[in-house]
Every structure is written in C-alpha cells, then in structure tokens.
file input-v4.tsv (TSV, C-alpha atoms and all ligand atoms)
chain	number	residue	atom	x	y	z
X	44	MET	CA	45.06	84.89	89.10
X	45	ARG	CA	43.10	86.85	91.72
X	46	ARG	CA	42.76	83.69	93.82
X	47	ILE	CA	46.59	83.18	93.78
X	48	TRP	CA	47.08	86.71	95.12
X	49	MET	CA	44.54	86.11	97.86
X	50	VAL	CA	46.26	82.87	98.91
X	51	PHE	CA	49.62	84.74	98.90
X	52	ALA	CA	48.19	87.55	101.07
X	53	VAL	CA	46.73	85.08	103.57
X	54	LEU	CA	50.06	83.21	103.74
X	55	CYS	CA	51.92	86.48	104.40
X	56	LEU	CA	49.52	87.33	107.20
X	57	LEU	CA	49.92	83.89	108.75
X	58	CYS	CA	53.73	84.14	108.55
X	59	THR	CA	53.92	87.53	110.23
X	60	SER	CA	51.61	86.44	113.02
X	61	CYS	CA	53.75	83.32	113.63
X	62	THR	CA	57.09	85.15	113.71
X	63	PRO	CA	58.03	86.25	117.24
X	64	GLN	CA	58.34	90.03	117.21
X	65	ALA	CA	61.91	91.16	116.79
X	66	PRO	CA	63.10	93.46	119.58
X	67	LEU	CA	63.33	97.18	118.98
X	68	MET	CA	66.93	98.26	119.33
X	69	GLN	CA	68.89	101.48	119.52
X	70	SER	CA	72.63	102.05	119.94
X	71	PHE	CA	73.86	105.42	121.14
X	72	LEU	CA	76.81	107.16	122.76
X	73	ALA	CA	76.36	108.36	126.35
X	74	LEU	CA	78.22	108.19	129.66
X	75	ASP	CA	81.47	108.37	127.69
X	76	THR	CA	80.82	104.90	126.25
X	77	ALA	CA	78.79	102.89	123.74
X	78	CYS	CA	75.29	102.06	124.99
X	79	SER	CA	72.40	100.08	123.57
X	80	VAL	CA	68.84	99.27	124.52
X	81	LYS	CA	66.81	96.31	123.20
X	82	LEU	CA	63.11	96.29	124.01
X	83	TYR	CA	60.93	93.18	123.66
X	84	GLY	CA	57.25	92.33	123.75
X	85	GLY	CA	55.35	95.07	121.94
X	86	ALA	CA	57.51	98.03	122.92
X	87	THR	CA	57.24	101.09	120.70
X	88	GLU	CA	59.59	103.70	119.21
X	89	ALA	CA	58.36	106.02	121.97
X	90	HIS	CA	59.72	103.59	124.59
X	91	LEU	CA	63.07	103.62	122.79
X	92	ARG	CA	63.19	107.43	122.72
X	93	MET	CA	62.29	107.52	126.41
X	94	ALA	CA	65.10	105.05	127.19
X	95	VAL	CA	67.76	107.13	125.44
X	96	SER	CA	66.54	110.40	126.95
X	97	THR	CA	66.45	108.84	130.45
X	98	VAL	CA	70.12	107.85	130.18
X	99	GLU	CA	70.99	111.35	128.94
X	100	GLU	CA	68.94	112.98	131.72
X	101	TYR	CA	70.79	111.09	134.47
X	102	GLU	CA	74.14	111.76	132.82
X	103	ARG	CA	73.32	115.49	133.06
X	104	LEU	CA	72.47	114.99	136.75
X	105	TRP	CA	75.41	112.84	137.87
X	106	SER	CA	78.38	113.50	135.59
X	107	ARG	CA	81.27	115.25	137.29
X	108	THR	CA	82.17	116.96	134.00
X	109	VAL	CA	78.74	118.41	133.11
X	110	PRO	CA	79.01	121.91	134.69
X	111	GLN	CA	75.49	122.20	136.14
X	112	SER	CA	75.12	118.57	137.24
X	113	ASP	CA	74.31	117.89	140.90
X	114	ILE	CA	77.79	116.40	141.34
X	115	ALA	CA	79.65	119.26	139.61
X	116	ARG	CA	77.78	121.80	141.76
X	117	LEU	CA	78.51	119.85	144.95
X	118	ASN	CA	82.19	119.57	143.98
X	119	ALA	CA	82.39	123.32	143.31
X	120	ALA	CA	80.51	124.37	146.47
X	121	GLU	CA	83.62	124.62	148.71
X	122	GLY	CA	82.04	122.73	151.57
X	123	GLU	CA	78.60	124.35	151.33
X	124	ALA	CA	75.43	122.31	150.81
X	125	VAL	CA	73.62	122.62	147.49
X	126	ALA	CA	70.08	121.66	146.48
X	127	LEU	CA	70.13	118.12	145.08
X	128	ALA	CA	67.54	116.03	143.27
X	129	GLU	CA	65.94	113.34	145.42
X	130	GLU	CA	67.52	110.66	143.20
X	131	THR	CA	70.97	112.14	143.83
X	132	SER	CA	70.48	112.05	147.61
X	133	ALA	CA	69.28	108.45	147.36
X	134	LEU	CA	72.31	107.51	145.27
X	135	LEU	CA	74.68	109.19	147.74
X	136	GLU	CA	73.02	107.13	150.52
X	137	THR	CA	73.61	103.91	148.57
X	138	ALA	CA	77.18	104.93	147.74
X	139	SER	CA	77.92	105.79	151.39
X	140	ALA	CA	76.57	102.41	152.50
X	141	TRP	CA	78.90	100.59	150.05
X	142	MET	CA	81.87	102.76	151.03
X	143	GLN	CA	81.36	101.36	154.53
X	144	GLY	CA	80.32	97.89	153.40
X	145	THR	CA	83.47	97.41	151.33
X	146	ASP	CA	85.93	98.78	153.91
X	147	GLY	CA	86.62	101.73	151.63
X	148	ALA	CA	87.57	99.70	148.53
X	149	PHE	CA	84.67	101.45	146.79
X	150	ASP	CA	85.09	105.16	147.44
X	151	ILE	CA	83.39	107.93	145.45
X	152	THR	CA	85.84	110.49	146.86
X	153	VAL	CA	88.70	109.14	144.68
X	154	ALA	CA	88.18	112.08	142.26
X	155	PRO	CA	91.45	113.90	143.25
X	156	TYR	CA	93.44	110.74	142.47
X	157	LYS	CA	91.54	110.27	139.23
X	158	GLU	CA	92.27	113.86	138.12
X	159	LEU	CA	95.99	113.26	138.77
X	160	TRP	CA	96.16	110.10	136.67
X	161	GLU	CA	93.91	111.53	133.95
X	162	THR	CA	96.06	114.61	133.39
X	163	ALA	CA	99.53	113.20	134.18
X	164	SER	CA	102.20	112.92	131.51
X	165	ALA	CA	104.34	110.78	133.83
X	166	VAL	CA	103.56	108.47	136.75
X	167	PRO	CA	102.69	110.74	139.73
X	168	SER	CA	105.23	110.74	142.57
X	169	GLU	CA	104.40	109.44	146.06
X	170	ASP	CA	104.50	113.04	147.37
X	171	VAL	CA	101.96	114.19	144.82
X	172	LEU	CA	99.72	111.18	145.55
X	173	ARG	CA	99.99	111.78	149.31
X	174	GLU	CA	98.98	115.42	148.85
X	175	ALA	CA	95.93	114.39	146.76
X	176	GLY	CA	95.15	111.72	149.39
X	177	GLN	CA	94.44	114.45	151.94
X	178	ARG	CA	91.28	115.19	149.97
X	179	VAL	CA	90.18	111.52	149.73
X	180	GLY	CA	88.21	109.41	152.23
X	181	ALA	CA	84.68	108.49	153.27
X	182	GLU	CA	84.82	110.95	156.19
X	183	LYS	CA	84.99	113.87	153.71
X	184	LEU	CA	81.43	113.20	152.54
X	185	LEU	CA	79.05	114.70	155.10
X	186	SER	CA	75.29	114.15	155.12
X	187	SER	CA	72.11	115.95	156.26
X	188	PRO	CA	72.57	118.03	154.16
X	189	TRP	CA	75.13	116.56	151.74
X	190	ARG	CA	78.38	118.55	151.56
X	191	LEU	CA	82.10	117.95	151.15
X	192	ALA	CA	84.88	118.70	153.62
X	193	ASP	CA	88.58	119.57	153.12
X	194	GLY	CA	88.48	120.25	149.36
X	195	ALA	CA	87.11	116.78	148.57
X	196	SER	CA	85.27	116.04	145.33
X	197	LEU	CA	83.10	113.19	144.08
X	198	ASP	CA	83.15	110.91	141.06
X	199	LEU	CA	80.19	108.56	140.59
X	200	GLY	CA	81.80	106.66	137.69
X	201	ALA	CA	81.78	103.37	139.61
X	202	ILE	CA	78.07	103.39	140.50
X	203	ALA	CA	76.21	105.73	138.12
X	204	LYS	CA	75.75	103.30	135.22
X	205	GLY	CA	74.13	100.71	137.46
X	206	ALA	CA	71.95	103.33	139.12
X	207	ILE	CA	70.86	104.74	135.75
X	208	ALA	CA	69.89	101.25	134.60
X	209	ASP	CA	67.75	100.95	137.77
X	210	GLU	CA	65.99	104.26	137.05
X	211	LEU	CA	65.43	103.27	133.41
X	212	CYS	CA	63.95	99.87	134.40
X	213	GLU	CA	61.49	101.60	136.75
X	214	ARG	CA	60.31	103.88	133.94
X	215	LEU	CA	60.09	101.06	131.40
X	216	LYS	CA	58.07	98.90	133.81
X	217	ALA	CA	55.74	101.81	134.60
X	218	ASP	CA	55.23	102.20	130.82
X	219	GLY	CA	54.23	98.55	130.42
X	220	CYS	CA	57.53	97.20	129.09
X	221	THR	CA	58.00	93.60	130.22
X	222	GLY	CA	61.36	92.69	128.68
X	223	ALA	CA	64.52	94.67	127.96
X	224	LEU	CA	68.24	94.23	127.67
X	225	ILE	CA	70.14	97.41	128.54
X	226	ASP	CA	73.86	97.72	127.87
X	227	LEU	CA	75.53	100.80	129.35
X	228	GLY	CA	79.17	100.31	128.39
X	229	GLY	CA	79.39	96.69	129.46
X	230	ASN	CA	77.02	97.02	132.41
X	231	ILE	CA	74.23	94.73	131.25
X	232	THR	CA	70.76	94.87	132.80
X	233	ALA	CA	68.12	92.26	131.99
X	234	LEU	CA	64.63	93.56	132.73
X	235	GLY	CA	62.15	90.69	132.96
X	236	HIS	CA	62.32	87.80	130.51
X	237	LYS	CA	62.33	87.21	126.78
X	238	PRO	CA	58.81	87.08	125.25
X	239	ASP	CA	58.84	83.24	125.43
X	240	GLY	CA	59.38	83.45	129.21
X	241	SER	CA	62.99	82.27	129.12
X	242	PRO	CA	65.82	84.28	130.71
X	243	PHE	CA	68.26	86.33	128.66
X	244	HIS	CA	71.70	84.84	128.04
X	245	VAL	CA	74.55	87.21	128.83
X	246	ALA	CA	78.11	86.34	127.82
X	247	ILE	CA	81.06	87.15	130.07
X	248	ALA	CA	83.97	88.03	127.81
X	249	ASP	CA	87.54	86.87	128.20
X	250	PRO	CA	89.46	90.03	129.21
X	251	ARG	CA	92.48	88.79	127.25
X	252	ASP	CA	90.47	88.48	124.02
X	253	THR	CA	87.05	90.07	124.25
X	254	SER	CA	85.87	88.27	121.09
X	255	LYS	CA	85.90	85.08	123.20
X	256	THR	CA	83.33	84.10	125.83
X	257	LEU	CA	84.42	82.63	129.17
X	258	LEU	CA	80.95	81.66	130.29
X	259	THR	CA	77.31	82.51	129.66
X	260	VAL	CA	74.90	83.44	132.41
X	261	ALA	CA	71.08	83.19	132.48
X	262	ALA	CA	69.79	86.62	133.46
X	263	ALA	CA	66.33	87.91	134.45
X	264	ASP	CA	65.74	91.05	136.54
X	265	VAL	CA	69.43	91.43	137.34
X	266	THR	CA	72.36	93.64	136.39
X	267	LEU	CA	75.74	92.18	135.47
X	268	SER	CA	78.36	94.81	136.16
X	269	THR	CA	81.93	94.20	135.02
X	270	SER	CA	85.00	96.01	136.32
X	271	GLY	CA	88.41	95.37	134.84
X	272	SER	CA	91.54	97.06	133.65
X	273	TYR	CA	91.16	95.85	130.06
X	274	GLN	CA	88.24	98.16	129.28
X	275	ARG	CA	89.72	101.54	130.24
X	276	PHE	CA	93.21	102.44	131.26
X	277	TYR	CA	95.75	105.25	131.49
X	278	GLU	CA	98.81	104.95	129.25
X	279	LEU	CA	101.92	106.54	130.79
X	280	GLU	CA	105.61	106.07	130.00
X	281	GLY	CA	104.76	103.18	127.65
X	282	ARG	CA	102.72	101.26	130.26
X	283	ARG	CA	99.03	100.72	130.80
X	284	TYR	CA	97.53	101.49	134.22
X	285	SER	CA	94.07	100.51	135.41
X	286	HIS	CA	91.43	103.26	135.64
X	287	ILE	CA	90.32	101.68	138.92
X	288	LEU	CA	92.26	103.20	141.79
X	289	ASP	CA	93.09	101.88	145.23
X	290	PRO	CA	91.60	104.55	147.54
X	291	GLU	CA	94.20	103.70	150.18
X	292	THR	CA	97.24	104.51	148.03
X	293	GLY	CA	95.96	106.38	144.97
X	294	HIS	CA	97.68	103.81	142.76
X	295	PRO	CA	95.93	102.01	139.90
X	296	VAL	CA	94.88	98.53	140.99
X	297	GLU	CA	97.26	95.74	140.12
X	298	ASN	CA	96.49	92.38	141.75
X	299	ASP	CA	95.48	88.79	140.98
X	300	LEU	CA	92.38	89.80	138.96
X	301	LEU	CA	91.81	90.75	135.33
X	302	ALA	CA	88.10	91.43	135.82
X	303	VAL	CA	85.10	90.87	138.07
X	304	THR	CA	81.45	90.63	137.06
X	305	VAL	CA	78.93	91.08	139.88
X	306	ILE	CA	75.34	89.89	139.36
X	307	ALA	CA	72.72	91.57	141.57
X	308	PRO	CA	69.02	92.50	141.45
X	309	CYS	CA	69.95	96.18	141.99
X	310	GLY	CA	72.16	97.76	139.32
X	311	ALA	CA	73.74	100.31	141.69
X	312	ASP	CA	74.76	97.50	144.06
X	313	ALA	CA	76.21	95.39	141.22
X	314	ASP	CA	78.18	98.38	139.91
X	315	ALA	CA	79.60	99.49	143.29
X	316	LEU	CA	80.48	95.89	144.20
X	317	SER	CA	82.26	95.05	140.93
X	318	THR	CA	84.57	98.03	141.42
X	319	ALA	CA	85.09	97.14	145.10
X	320	CYS	CA	85.85	93.47	144.36
X	321	PHE	CA	88.33	94.49	141.69
X	322	VAL	CA	90.16	96.65	144.25
X	323	MET	CA	90.02	93.93	146.94
X	324	GLY	CA	91.44	91.11	144.83
X	325	PHE	CA	90.21	87.52	144.65
X	326	ASP	CA	90.24	86.30	148.28
X	327	LYS	CA	88.71	89.38	149.93
X	328	GLY	CA	86.37	90.05	147.00
X	329	LYS	CA	85.01	86.50	146.97
X	330	ALA	CA	84.58	86.51	150.77
X	331	LEU	CA	82.55	89.73	150.47
X	332	ILE	CA	80.27	88.34	147.73
X	333	ASP	CA	79.83	85.05	149.64
X	334	SER	CA	78.67	87.07	152.66
X	335	LEU	CA	75.91	88.85	150.67
X	336	ASP	CA	72.50	87.21	150.05
X	337	GLY	CA	71.26	87.14	146.46
X	338	ILE	CA	74.48	88.54	144.99
X	339	GLU	CA	76.85	86.45	142.86
X	340	ALA	CA	80.05	87.13	140.95
X	341	VAL	CA	82.44	85.75	138.37
X	342	PHE	CA	86.10	86.49	139.10
X	343	VAL	CA	88.60	86.29	136.25
X	344	LYS	CA	92.08	85.73	137.61
X	345	THR	CA	95.30	86.89	135.93
X	346	ASP	CA	95.91	83.37	134.58
X	347	GLY	CA	92.58	83.66	132.73
X	348	ALA	CA	90.66	81.26	134.99
X	349	ALA	CA	87.01	82.23	135.54
X	350	VAL	CA	85.82	81.46	139.09
X	351	PRO	CA	82.04	81.81	139.58
X	352	THR	CA	80.53	81.93	143.08
X	353	ASP	CA	78.21	79.02	143.91
X	354	GLY	CA	74.91	80.57	142.82
X	355	VAL	CA	75.87	81.88	139.36
X	356	PRO	CA	73.26	80.50	136.88
X	357	VAL	CA	75.73	79.33	134.23
X	358	CYS	CA	73.99	78.13	131.05
X	401	LIG	P1	83.80	100.74	137.20
X	401	LIG	O1	84.08	100.68	135.74
X	401	LIG	O2	82.36	100.64	137.57
X	401	LIG	O3	84.64	99.79	137.99
X	401	LIG	O4	84.17	102.22	137.69
X	401	LIG	C1	85.45	102.76	137.48
X	401	LIG	C2	85.38	104.25	137.54
X	401	LIG	O5	85.02	104.66	138.88
X	401	LIG	C3	86.72	104.93	137.25
X	401	LIG	O6	86.82	105.28	135.89
X	401	LIG	C4	86.68	106.14	138.18
X	401	LIG	O7	85.91	107.16	137.60
X	401	LIG	C5	85.94	105.62	139.39
X	401	LIG	N1	86.79	104.91	140.37
X	401	LIG	C6	88.07	104.46	140.23
X	401	LIG	N2	88.48	103.79	141.33
X	401	LIG	C7	87.42	103.80	142.19
X	401	LIG	C8	87.21	103.26	143.49
X	401	LIG	N3	88.13	102.55	144.12
X	401	LIG	N4	85.99	103.48	144.07
X	401	LIG	C9	85.03	104.18	143.43
X	401	LIG	N5	85.17	104.73	142.22
X	401	LIG	C10	86.35	104.52	141.59
X	402	MG	MG	81.41	99.89	139.23

call {"tool": "encode", "arguments": {"input": "input-v4.tsv", "output": "structure tokens"}}
result
Amino acid sequence: MRRIWMVFAVLCLLCTSCTPQAPLMQSFLALDTACSVKLYGGATEAHLRMAVSTVEEYERLWSRTVPQSDIARLNAAEGEAVALAEETSALLETASAWMQGTDGAFDITVAPYKELWETASAVPSEDVLREAGQRVGAEKLLSSPWRLADGASLDLGAIAKGAIADELCERLKADGCTGALIDLGGNITALGHKPDGSPFHVAIADPRDTSKTLLTVAAADVTLSTSGSYQRFYELEGRRYSHILDPETGHPVENDLLAVTVIAPCGADADALSTACFVMGFDKGKALIDSLDGIEAVFVKTDGAAVPTDGVPVC
C-alpha cells in the first residue's frame, strides 16, 4: 500500500513539473473601464499587486477628474504653471509632438468640447460649440514651464492608457517579469513573449458584434490600441454619438470608419495614433500610418471590412 502512495506522489510531482505554469491574472476596475493583467513565467502575487497599484497611481496623476492630479491642478491654475511630475512633463511632450504630427486630429485640449457633450441633454448648438472652440487648440498649451492659455483645459483620455501601459512594462521588466498581457479597457499591451517563446495572439473584434473576431495579430513588445465609436458614446435625442471629437468642429466623429487599431512598440504612440486615425478617416489615417516606420494599423470601415496595413503580423 505504502509503495502505491509513493508511486502516486512521484507521478504528481512529475505532472506538475511538466505542466507549463499558468499565468497569474487579476481583473480590476480603473481608468473608468475594466482592466486586467496576466503575468507569465514565474511572476508572483507581489508583481500582480504592483501592477494594479501602478495603474491606480498613474490614474491619480493624470485623470482630469481626480482633484489633486497633475492635470486637474494644471486645468484649475488659470494660466499659471504648477509643479508637475517628471512623467507628466514627458507625457505632455509626447502628446504635443502627436498634436503636431497628426495635424491636430489628436488634440488633448478638446476638454471643453468633451464637457459640453458629456453634460448636454440635447445636441449642442453651433454657437455653443463655437464658444467652447475658443478654448481649444494646440497653441493653448504652452511649455517651459507647462501652462494653459485662454481658459483651456486638458484631457489625456486618448493617450493615458497607452502611456500607463508603458510605465507598467518598465516596472515589470525591472522586477524580472519577462512576459505579460495587459488590457486597459481594450488597449492591449504584450510585454515580451509567452513562456514557450512564441508571441501572444491578440484578437481584433468586429465592432458590429464584439463577440466575433475580424482578425488575430501576433504580438510581442507592442501595444494594440483601438479607437472606435462602438465602445463609448454619448446618447442624445435618441441617437448615439461618438466619444471621439473632431477638434476642428467640436462634433463627434462620423466618417467611413467604425474602428482603428494601431500597433506600435510604444503604448502612448499607439494610443494617440488610434484616436488621430479615427478622426482622420481611412484615406488620411492610412497615409499617416504608412508614413511611420515600425507602426501598423487595422482599419475597420463602415461596411465592416478590415483593412490591415502591409506589415500587420496576421496569424
Ligand atoms: P481613445 O479611446 O484613445 O480614442 O480616446 C478617446 C478619449 O480621448 C475621449 O473619451 C476623450 O476623453 C478624448 N478625446 C476625444 N476626442 C479626442 C481627440 N480628437 N484628440 C484627443 N483626445 C480626444
Ligand atoms: Mg487613443
């Protein structure tokens, strides 16, 4: 009898050592959305706790609606400069570069338009939009030191998730984590590879029925950022309006796209560019991505067709 138990114990040991370690996973609510982190290759519960607290830390730094955040203090400073964390200054640099690099399609000064649409009970009139537009525009964001002119205010909603994923990857790598899949409300970041050395597979959902997959992409050390009107919208007078706004007009974007996923090594770049491409529409958006080295995209047109740029690693 004793021998049977010994054989059973040895078999159990052999089985556990053959089974690839399951990833550690945690789902949580942050950044006004559902987030999850999956850690591979010997990560510990401490890594998981660090991941969640890192996301929360940067939300406290960059959210417009957290009263003492860097962005809330800058917005409330009436044109004065305020002391900002180094990471905030770096993110404002990146954001400014993309405001220029996208001809203003990506614009973190859209906050006055956003407030209008967020609080409206009816579609805002052209007069009201024009008035808000006086506080919107890249020229309102002044640097060295950072401050805001003419009653402008900032909203980092189109770049913060990507930037937070970047910060989290740096910390995970520094802590010896070699593989992770980070999902911040549909912004997916693949850190490294799976334990067997293969890339992660990330599905791009059909915006018309998110239970369906349009195509699957091999991902390693990249962020896939998706912008679309199907994820978040304003509902006014019985109609849905995109939460992504055209900085030129203040109107919700309505064009030949249902969604855009941008794939880039830097999460902040992917995030800013997916919003910009969604504003620009297919032709201009694709031309922009084609002009950028190492950055790819999948455009989903209003007829449901998915158009990947040439270098997308479809699997
Ligand atoms: P994303 O989901 O990354 O495309 O970001 C959309 C969010 O960014 C919105 O919910 C707004 O907070 C903000 N936003 C809307 N339109 C723009 C725009 N054209 N440029 C930059 N931020 C925007
Ligand atoms: Mg974005």

call {"tool": "closest_residue", "arguments": {"input": "input-v4.tsv", "among": "X:Ala217, X:Leu127, X:Cys358, X:Ala154", "to": "Trp189 (chain X)", "atoms": "only C-alpha atoms"}}
result
X:Leu127

call {"tool": "closest_residue", "arguments": {"input": "input-v4.tsv", "among": "X:Ile114, X:Cys309, X:Ala248, X:Val109", "to": "Val265 (chain X)", "atoms": "only C-alpha atoms"}}
result
X:Cys309

call {"tool": "closest_residue", "arguments": {"input": "input-v4.tsv", "among": "X:Ala311, X:Ala203, X:Ala86, X:Leu159", "to": "Leu104 (chain X)", "atoms": "all atoms listed in the file"}}
result
X:Ala203

call {"tool": "residues_near_ligand", "arguments": {"input": "input-v4.tsv", "ligand": "ligand MG 402 (chain X)", "cutoff": "7 Å", "atoms": "all atoms listed in the file", "output": "VMD selection string"}}
result
chain X and resid 200 to 202 268 270 314 to 318

call {"tool": "closest_residue", "arguments": {"input": "input-v4.tsv", "among": "X:Ser187, X:Thr97, X:Thr259, X:Thr152", "to": "ligand LIG 401 (chain X)", "atoms": "only C-alpha atoms and all ligand atoms"}}
result
X:Thr152

call {"tool": "residues_near_point", "arguments": {"input": "input-v4.tsv", "point": "(70.7, 97.0, 135.1)", "cutoff": "6 Å", "atoms": "only C-alpha atoms", "output": "list in words"}}
result
Gly205, Ala208, Asp209, Ile231, Thr232, Thr266 and Gly310 of chain X

call {"tool": "residues_around", "arguments": {"input": "input-v4.tsv", "residues": "Ala349 (chain X)", "least_positions_apart": "3", "cutoff": "9 Å", "atoms": "all atoms listed in the file", "output": "list in words"}}
result
Asp249, Leu257, Leu258, Val341, Phe342, Val343 and Lys344 of chain X

call {"tool": "axis_aligned_box", "arguments": {"input": "input-v4.tsv", "around": "region 176-187 of chain X", "padding_each_side": "6 Å", "output": "lines of an AutoDock Vina configuration file"}}
result
center_x = 83.6
center_y = 112.2
center_z = 152.8
size_x = 35.0
size_y = 19.5
size_z = 18.9

call {"tool": "decode", "arguments": {"input": "input-v4.tsv", "residues": "region 280-316 of chain X", "atoms": "C-alpha atoms", "output": "PDB file, in the first residue's frame"}}
result
ATOM      1  CA  GLU X 280     -32.204  62.756 -28.503  1.00  0.00           C
ATOM      2  CA  GLY X 281     -32.387  59.009 -29.218  1.00  0.00           C
ATOM      3  CA  ARG X 282     -29.094  58.903 -31.162  1.00  0.00           C
ATOM      4  CA  ARG X 283     -25.629  57.659 -30.350  1.00  0.00           C
ATOM      5  CA  TYR X 284     -22.666  59.996 -30.841  1.00  0.00           C
ATOM      6  CA  SER X 285     -19.008  59.002 -30.783  1.00  0.00           C
ATOM      7  CA  HIS X 286     -16.954  59.984 -27.717  1.00  0.00           C
ATOM      8  CA  ILE X 287     -14.131  60.881 -30.109  1.00  0.00           C
ATOM      9  CA  LEU X 288     -14.444  64.508 -31.149  1.00  0.00           C
ATOM     10  CA  ASP X 289     -13.208  66.346 -34.202  1.00  0.00           C
ATOM     11  CA  PRO X 290     -11.038  69.120 -32.689  1.00  0.00           C
ATOM     12  CA  GLU X 291     -11.764  71.323 -35.709  1.00  0.00           C
ATOM     13  CA  THR X 292     -15.540  71.389 -35.252  1.00  0.00           C
ATOM     14  CA  GLY X 293     -16.261  70.006 -31.779  1.00  0.00           C
ATOM     15  CA  HIS X 294     -18.585  67.442 -33.350  1.00  0.00           C
ATOM     16  CA  PRO X 295     -18.406  63.718 -32.614  1.00  0.00           C
ATOM     17  CA  VAL X 296     -16.562  61.917 -35.403  1.00  0.00           C
ATOM     18  CA  GLU X 297     -18.728  60.379 -38.080  1.00  0.00           C
ATOM     19  CA  ASN X 298     -16.864  59.128 -41.154  1.00  0.00           C
ATOM     20  CA  ASP X 299     -16.014  55.976 -43.120  1.00  0.00           C
ATOM     21  CA  LEU X 300     -14.559  54.131 -40.092  1.00  0.00           C
ATOM     22  CA  LEU X 301     -16.066  52.013 -37.333  1.00  0.00           C
ATOM     23  CA  ALA X 302     -12.749  51.492 -35.551  1.00  0.00           C
ATOM     24  CA  VAL X 303      -8.972  51.664 -35.883  1.00  0.00           C
ATOM     25  CA  THR X 304      -6.390  49.549 -34.083  1.00  0.00           C
ATOM     26  CA  VAL X 305      -2.837  50.912 -34.115  1.00  0.00           C
ATOM     27  CA  ILE X 306       0.062  48.564 -33.321  1.00  0.00           C
ATOM     28  CA  ALA X 307       3.246  50.246 -32.066  1.00  0.00           C
ATOM     29  CA  PRO X 308       6.215  49.466 -29.789  1.00  0.00           C
ATOM     30  CA  CYS X 309       5.309  52.482 -27.608  1.00  0.00           C
ATOM     31  CA  GLY X 310       1.871  52.388 -25.968  1.00  0.00           C
ATOM     32  CA  ALA X 311       1.491  56.186 -25.819  1.00  0.00           C
ATOM     33  CA  ASP X 312       2.178  56.417 -29.572  1.00  0.00           C
ATOM     34  CA  ALA X 313      -0.305  53.616 -30.365  1.00  0.00           C
ATOM     35  CA  ASP X 314      -2.978  55.277 -28.225  1.00  0.00           C
ATOM     36  CA  ALA X 315      -2.542  58.813 -29.619  1.00  0.00           C
ATOM     37  CA  LEU X 316      -2.421  57.484 -33.188  1.00  0.00           C
TER      38      LEU X 316
END
